[in-house]
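Coordinates as given in entry_14.csv (CSV, C-alpha atoms):
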```
chain,number,residue,atom,x,y,z
A,98,MET,CA,0.0,0.0,0.0
A,99,PRO,CA,1.5,3.4,-0.9
A,100,LEU,CA,2.4,5.8,1.8
A,101,MET,CA,-0.2,8.5,2.7
A,102,HIS,CA,0.6,12.2,2.6
A,103,ALA,CA,1.3,13.9,5.8
A,104,GLU,CA,-1.7,15.9,7.2
A,105,THR,CA,-1.9,19.0,9.3
A,106,LEU,CA,-3.6,18.6,12.7
A,107,HIS,CA,-3.7,20.7,15.8
A,108,CYS,CA,-1.9,20.2,19.1
A,109,PRO,CA,-4.5,19.0,21.7
A,110,ASN,CA,-2.7,21.2,24.3
A,111,CYS,CA,-2.2,24.6,22.7
A,112,GLY,CA,-4.1,24.3,19.4
A,113,ALA,CA,-1.0,25.0,17.2
A,114,ALA,CA,-0.9,23.4,13.7
A,115,SER,CA,1.5,20.5,13.4
A,116,SER,CA,2.4,17.9,10.8
A,117,THR,CA,1.3,14.3,11.4
A,118,GLU,CA,4.9,13.3,11.3
A,119,ALA,CA,5.9,15.5,14.2
A,120,SER,CA,6.4,13.9,17.6
A,121,LEU,CA,6.4,17.1,19.6
A,122,CYS,CA,4.5,20.4,19.3
A,123,ALA,CA,6.9,23.1,18.0
A,124,PHE,CA,5.3,25.7,20.3
A,125,CYS,CA,4.4,24.1,23.7
A,126,GLU,CA,6.6,20.9,23.2
A,127,SER,CA,3.6,18.7,24.2
A,128,ARG,CA,3.9,15.1,22.9
A,129,LEU,CA,1.9,14.6,19.7
A,130,ALA,CA,2.8,11.1,18.6
A,131,THR,CA,2.6,7.7,20.2
A,132,VAL,CA,3.4,4.3,18.9
A,133,ALA,CA,-0.1,3.2,18.0
A,134,CYS,CA,-0.1,1.7,14.5
A,135,PRO,CA,-0.8,-2.0,15.0
A,136,SER,CA,0.5,-2.8,11.5
A,137,CYS,CA,3.8,-0.9,10.9
A,138,PHE,CA,4.5,0.4,14.4
A,139,GLY,CA,5.1,3.9,13.0
A,140,MET,CA,4.6,7.0,15.1
A,141,MET,CA,1.1,8.4,14.8
A,142,PHE,CA,-0.4,11.8,15.7
A,143,ILE,CA,-2.8,11.6,18.6
A,144,GLY,CA,-6.2,12.0,17.0
A,145,SER,CA,-5.3,10.5,13.6
A,146,LYS,CA,-7.7,8.0,12.3
A,147,HIS,CA,-5.2,6.3,10.0
A,148,CYS,CA,-1.5,5.7,10.0
A,149,PRO,CA,0.3,8.2,7.8
A,150,ARG,CA,2.8,5.5,6.8
A,151,CYS,CA,0.7,2.5,5.9
A,152,GLY,CA,-2.9,3.6,6.1
A,153,ALA,CA,-3.9,1.1,8.8
A,154,ALA,CA,-6.7,2.2,11.1
A,155,ALA,CA,-5.6,3.7,14.4
A,156,VAL,CA,-6.0,1.6,17.4
A,157,ALA,CA,-5.3,2.9,20.9
A,158,PRO,CA,-2.6,0.8,22.6
A,159,GLU,CA,-3.7,-1.3,25.6
A,160,SER,CA,-1.9,-1.6,28.9
A,161,ALA,CA,0.0,-4.8,29.4
A,162,SER,CA,0.7,-6.7,32.6
A,163,VAL,CA,4.5,-6.8,32.0
A,164,GLU,CA,7.1,-6.1,34.6
A,165,ALA,CA,8.2,-2.4,34.4
A,166,ARG,CA,11.7,-2.0,33.2
A,167,PRO,CA,14.0,1.0,32.8
A,168,CYS,CA,14.7,2.5,29.3
A,169,PRO,CA,18.2,1.5,28.2
A,170,ARG,CA,18.9,5.1,27.1
A,171,CYS,CA,16.9,7.4,29.4
A,172,ARG,CA,16.9,5.1,32.4
A,173,MET,CA,13.3,6.1,33.2
A,174,GLU,CA,10.6,3.5,33.7
A,175,MET,CA,9.0,2.4,30.5
A,176,ASN,CA,5.3,1.9,29.8
A,177,SER,CA,4.1,-1.7,29.2
A,178,ILE,CA,1.6,-1.7,26.3
A,179,VAL,CA,0.1,-4.1,23.7
A,180,ILE,CA,0.0,-3.1,20.1
A,181,GLY,CA,-1.4,-5.4,17.5
A,182,ALA,CA,-1.3,-8.3,19.9
A,183,ALA,CA,2.4,-7.7,20.6
A,184,PRO,CA,3.4,-6.9,24.2
A,185,LEU,CA,6.0,-4.1,24.2
A,186,SER,CA,7.7,-1.7,26.5
A,187,GLU,CA,7.8,2.0,25.4
A,188,CYS,CA,9.8,4.9,26.6
A,189,SER,CA,7.6,8.0,26.6
A,190,ARG,CA,10.7,10.3,26.5
A,191,CYS,CA,12.9,8.9,23.7
A,192,GLU,CA,10.0,6.9,22.0
A,193,GLY,CA,12.2,3.7,21.9
A,194,LEU,CA,10.7,0.2,22.1
A,195,TRP,CA,11.8,-2.9,24.0
A,196,VAL,CA,10.4,-6.2,22.4
A,197,ASP,CA,11.2,-9.6,23.9
A,198,VAL,CA,12.5,-12.5,21.8
A,199,ARG,CA,9.2,-14.3,21.2
A,200,ALA,CA,7.2,-11.2,20.5
A,201,PHE,CA,9.7,-10.0,17.9
A,202,GLU,CA,9.8,-13.4,16.2
A,203,LYS,CA,6.0,-13.3,15.9
A,204,ILE,CA,6.1,-9.7,14.5
A,205,CYS,CA,8.6,-10.7,11.8
A,206,ALA,CA,6.7,-13.9,10.9
A,207,ASP,CA,3.4,-12.1,10.6
A,208,ARG,CA,4.8,-9.3,8.5
A,209,GLU,CA,6.6,-11.7,6.2
A,210,GLN,CA,3.4,-13.6,5.7
A,211,GLN,CA,1.6,-10.4,4.9
A,212,SER,CA,4.3,-9.6,2.3
A,213,ALA,CA,3.8,-13.0,0.7
A,214,VAL,CA,0.0,-12.5,0.4
A,215,LEU,CA,0.0,-8.8,-0.6
A,216,GLY,CA,3.2,-8.8,-2.7
A,217,THR,CA,6.2,-6.6,-2.1
A,218,ALA,CA,5.8,-3.0,-1.2
A,219,ALA,CA,8.0,0.0,-2.0
A,220,PRO,CA,11.8,-0.6,-1.5
A,221,ALA,CA,12.7,-0.5,2.2
A,222,SER,CA,14.6,2.6,3.5
A,223,THR,CA,18.1,1.8,4.7
A,224,GLY,CA,19.2,5.3,5.7
A,225,ALA,CA,21.1,6.0,8.8
A,226,GLY,CA,19.2,6.3,12.1
A,227,GLU,CA,18.8,9.5,14.0
A,228,ILE,CA,21.4,8.5,16.6
A,229,SER,CA,24.8,8.8,14.9
A,230,LYS,CA,27.1,8.3,17.9
A,231,VAL,CA,27.5,4.7,18.8
A,232,LYS,CA,26.6,3.9,22.3
A,233,TYR,CA,26.2,0.4,23.7
A,234,VAL,CA,23.2,0.2,26.0
A,235,PRO,CA,22.3,-2.4,28.7
A,236,CYS,CA,19.5,-4.9,28.4
A,237,PRO,CA,16.5,-3.8,30.5
A,238,GLN,CA,16.2,-7.3,31.9
A,239,CYS,CA,19.7,-8.5,32.7
A,240,SER,CA,21.6,-5.2,32.6
A,241,GLN,CA,24.4,-6.6,30.4
A,242,LEU,CA,25.5,-4.5,27.5
A,243,MET,CA,23.8,-5.6,24.3
A,244,ASN,CA,25.3,-6.3,20.9
A,245,ARG,CA,24.7,-3.9,18.0
A,246,MET,CA,23.6,-5.8,14.9
A,247,ASN,CA,22.5,-5.0,11.4
A,248,PHE,CA,19.1,-6.6,11.2
A,249,ALA,CA,19.2,-9.5,8.7
A,250,ARG,CA,22.7,-8.4,7.9
A,251,CYS,CA,21.6,-6.2,5.0
A,252,SER,CA,18.7,-4.0,6.2
A,253,GLY,CA,20.8,-1.1,7.2
A,254,VAL,CA,18.9,-0.9,10.5
A,255,ILE,CA,21.3,-1.3,13.4
A,256,VAL,CA,19.5,-2.5,16.5
A,257,ASP,CA,20.7,-3.5,20.1
A,258,VAL,CA,20.2,-7.1,20.8
A,259,CYS,CA,20.3,-9.3,23.9
A,260,LYS,CA,20.0,-12.8,22.5
A,261,ASN,CA,18.4,-14.2,25.6
A,262,HIS,CA,15.9,-11.5,26.3
A,263,GLY,CA,15.0,-9.2,23.4
A,264,THR,CA,15.8,-6.3,21.1
A,265,TRP,CA,15.9,-2.5,21.7
A,266,PHE,CA,14.6,-0.3,18.9
A,267,ASP,CA,15.4,3.4,18.9
A,268,ARG,CA,12.6,5.7,17.6
A,269,GLU,CA,11.3,4.5,14.2
A,270,GLU,CA,13.7,1.6,13.9
A,271,LEU,CA,11.0,-1.1,14.3
A,272,SER,CA,8.9,0.7,11.7
A,273,ARG,CA,11.8,0.7,9.3
A,274,ILE,CA,12.4,-3.0,9.9
A,275,ILE,CA,8.7,-3.7,9.2
A,276,GLU,CA,9.1,-1.8,5.9
A,277,PHE,CA,12.2,-3.8,5.1
A,278,ILE,CA,10.3,-7.1,5.7
A,279,ARG,CA,7.3,-6.1,3.7
A,280,ALA,CA,9.6,-5.2,0.8
A,281,GLY,CA,10.8,-8.8,0.7
A,282,GLY,CA,14.0,-8.1,2.6
A,283,LEU,CA,14.1,-11.3,4.6
A,284,ASN,CA,13.9,-13.4,1.4
A,285,ALA,CA,16.7,-11.3,-0.1
A,286,SER,CA,18.8,-11.8,3.0
A,287,ARG,CA,18.3,-15.6,2.9
A,288,ALA,CA,19.3,-15.7,-0.8
A,289,LYS,CA,22.5,-13.8,0.0
A,290,GLU,CA,23.2,-16.3,2.9
A,291,LYS,CA,22.7,-19.3,0.5
A,292,LEU,CA,25.0,-17.7,-2.1
A,293,ALA,CA,27.7,-17.0,0.5
A,294,ILE,CA,27.5,-20.6,1.8
A,295,ALA,CA,27.7,-22.0,-1.7
A,296,GLU,CA,30.7,-19.8,-2.5
A,297,GLU,CA,32.4,-20.9,0.8
A,298,ARG,CA,31.8,-24.6,0.0
A,299,GLU,CA,33.2,-24.1,-3.5
A,300,GLN,CA,36.3,-22.4,-2.1
A,301,LEU,CA,36.8,-25.3,0.4
A,302,ARG,CA,36.4,-27.8,-2.4
A,303,GLN,CA,39.0,-26.0,-4.5
A,304,GLU,CA,41.4,-25.9,-1.5
A,305,ARG,CA,40.9,-29.7,-0.9
A,306,LEU,CA,41.5,-30.5,-4.5
A,307,ALA,CA,44.7,-28.5,-4.6
A,308,LEU,CA,45.9,-30.2,-1.4
A,309,ASP,CA,45.1,-33.6,-2.8
A,310,MET,CA,47.1,-32.8,-5.9
A,311,ARG,CA,50.1,-31.7,-3.9
A,312,GLN,CA,50.0,-34.8,-1.8
A,313,SER,CA,49.7,-37.0,-4.9
A,314,SER,CA,52.7,-35.2,-6.4
A,315,ILE,CA,54.8,-35.8,-3.2
A,316,LEU,CA,53.8,-39.5,-3.0
A,317,GLY,CA,54.7,-39.9,-6.7
A,318,VAL,CA,58.2,-38.5,-6.2
A,319,GLU,CA,58.7,-40.7,-3.1
A,320,GLY,CA,57.5,-43.8,-5.0
A,321,HIS,CA,59.9,-43.0,-7.8
A,322,GLU,CA,62.8,-42.7,-5.4
A,323,ASP,CA,61.9,-46.0,-3.7
A,324,HIS,CA,61.7,-47.8,-7.0
A,325,ARG,CA,65.1,-46.4,-8.0
A,326,ALA,CA,66.7,-47.4,-4.8
A,327,THR,CA,65.3,-51.0,-5.2
A,328,GLY,CA,66.7,-51.2,-8.7
A,329,ILE,CA,70.2,-50.0,-7.6
A,330,ALA,CA,70.2,-52.6,-4.8
A,331,SER,CA,69.3,-55.4,-7.2
A,332,ALA,CA,72.0,-54.4,-9.6
A,333,ARG,CA,74.6,-54.5,-6.9
A,334,GLY,CA,73.5,-57.9,-5.8
A,335,LEU,CA,73.8,-59.3,-9.3
A,336,LEU,CA,77.3,-57.9,-9.8
A,337,LYS,CA,78.4,-59.3,-6.5
A,338,PHE,CA,77.0,-62.8,-7.5
A,339,LEU,CA,78.9,-62.7,-10.8
A,340,LEU,CA,82.2,-61.7,-9.3
A,341,ASP,CA,82.0,-64.3,-6.6
```
Is it possible to give me this structure as structure tokens?
Amino acid sequence: MPLMHAETLHCPNCGAASSTEASLCAFCESRLATVACPSCFGMMFIGSKHCPRCGAAAVAPESASVEARPCPRCRMEMNSIVIGAAPLSECSRCEGLWVDVRAFEKICADREQQSAVLGTAAPASTGAGEISKVKYVPCPQCSQLMNRMNFARCSGVIVDVCKNHGTWFDREELSRIIEFIRAGGLNASRAKEKLAIAEEREQLRQERLALDMRQSSILGVEGHEDHRATGIASARGLLKFLLD
């Protein structure tokens, strides 16, 4: 589905006009957007009826009975919510999201299934995120520093991952990953993985073939030397027999 054009709405606090893509009011700095799209997880203007990114109908997030955890970046307590049946933790300050392992796997599987049914969408954006300075952040659950990974190795979206507990997404990163998946990005990633594995196997086959050829050459030389030595010994024995 093509992206919708940004609309102009009014801040519910001061009444100033603002774009649907803005997260804060430019005049009173009240928060205007919340993670509410149950389809693409994009930021939506409070009061919007449809997501400006994918056109899905707006659904207010529900509270979830998930243990409260601190935001990896702001260290303030996150809100536990359910969006599109997915339990998430959201930071109201930086608008980042924490998604546990099972929930993220289901999100990816559901969006890939949608991609297969509806066909590929527009090419996924792989531009750099808003946070340019690399900073490793702790897992909200175990407090260990998370690894930074390029999702699917080719999406261009760098996320913070704790392999045992979940993934941290800075503002709009989850939405960009959904866009990548819907554009067929996971299939492209798998194809690249298969090609890389095939090339690695072929390289190993060539190396083994070269090694076998070297070993055969060495054994051939050694066999020739052994045969020559045997011949010389036989000649010496015959000469000694004749002389005696």
Legend entry - A:Ser127, A:Asn284, A:Ser314, A:Gln303 ranked by distance to Ala113 of chain A, top pick (using only C-alpha atoms): A:Ser127
Inset, instruction - Quote the spacing between atom CA of Glu202 of chain A and atom CA of Phe248 of chain A in Å to one decimal place. - result: 12.6 Å
Inset, instruction - Rounded to one decimal place, report the atom CA of Arg273 of chain A-atom CA of Leu242 of chain A distance in Å. - result: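 Between atom CA of Arg273 of chain A and atom CA of Leu242 of chain A the gap works out to 23.4 Å.
Using only C-alpha atoms, the smallest distance between any of A:Arg245, A:Arg172, A:Lys232, A:Arg268 and Gly139 of chain A comes from A:Arg268.
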Legend entry - Spatial neighbours of Cys236 of chain A, 10 Å, all atoms listed in the file, chain gap at least 6 places, as a ChimeraX atom specification: /A:166-169,195,242-244,257-265
For those residues, write C-alpha atoms to a file as a JSON list (two decimals), in the frame of the given file.
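Now in selection34.json:
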```json
[["chain", "number", "residue", "atom", "x", "y", "z"],
["A", 166, "ARG", "CA", 11.70, -2.00, 33.20],
["A", 167, "PRO", "CA", 14.00, 1.00, 32.80],
["A", 168, "CYS", "CA", 14.70, 2.50, 29.30],
["A", 169, "PRO", "CA", 18.20, 1.50, 28.20],
["A", 195, "TRP", "CA", 11.80, -2.90, 24.00],
["A", 242, "LEU", "CA", 25.50, -4.50, 27.50],
["A", 243, "MET", "CA", 23.80, -5.60, 24.30],
["A", 244, "ASN", "CA", 25.30, -6.30, 20.90],
["A", 257, "ASP", "CA", 20.70, -3.50, 20.10],
["A", 258, "VAL", "CA", 20.20, -7.10, 20.80],
["A", 259, "CYS", "CA", 20.30, -9.30, 23.90],
["A", 260, "LYS", "CA", 20.00, -12.80, 22.50],
["A", 261, "ASN", "CA", 18.40, -14.20, 25.60],
["A", 262, "HIS", "CA", 15.90, -11.50, 26.30],
["A", 263, "GLY", "CA", 15.00, -9.20, 23.40],
["A", 264, "THR", "CA", 15.80, -6.30, 21.10],
["A", 265, "TRP", "CA", 15.90, -2.50, 21.70]]
```
Exercise: Cys111 of chain A partners within 10 Å, all atoms listed in the file, chain neighbours under 4 positions left out, as a PDB file with C-alpha atoms, in the frame of the given file:
```pdb
ATOM      1  CA  HIS A 107      -3.700  20.700  15.800  1.00  0.00           C
ATOM      2  CA  CYS A 122       4.500  20.400  19.300  1.00  0.00           C
ATOM      3  CA  PHE A 124       5.300  25.700  20.300  1.00  0.00           C
ATOM      4  CA  CYS A 125       4.400  24.100  23.700  1.00  0.00           C
ATOM      5  CA  GLU A 126       6.600  20.900  23.200  1.00  0.00           C
ATOM      6  CA  SER A 127       3.600  18.700  24.200  1.00  0.00           C
TER       7      SER A 127
END
```
Legend entry - Atomic separation - atom CA of Asp207 of chain A relative to atom CA of Phe138 of chain A, Å: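 Result for atom CA of Phe138 of chain A versus atom CA of Asp207 of chain A: 13.1 Å, one decimal.
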Inset, instruction - Name all residues at most 12 Å from Ala288 of chain A (count only C-alpha atoms; drop same-chain ones fewer than 6 positions away) and give them as JSON, numbers by chain. - result: {"A": [249, 250, 251, 281, 282, 294, 295]}
Inset, instruction - Name the closest residue to Arg208 of chain A among the candidates A:Ser177, A:Leu271, A:Gly193, A:Ala157; distances are taken between atoms, counting all atoms listed in the file. - result: A:Leu271
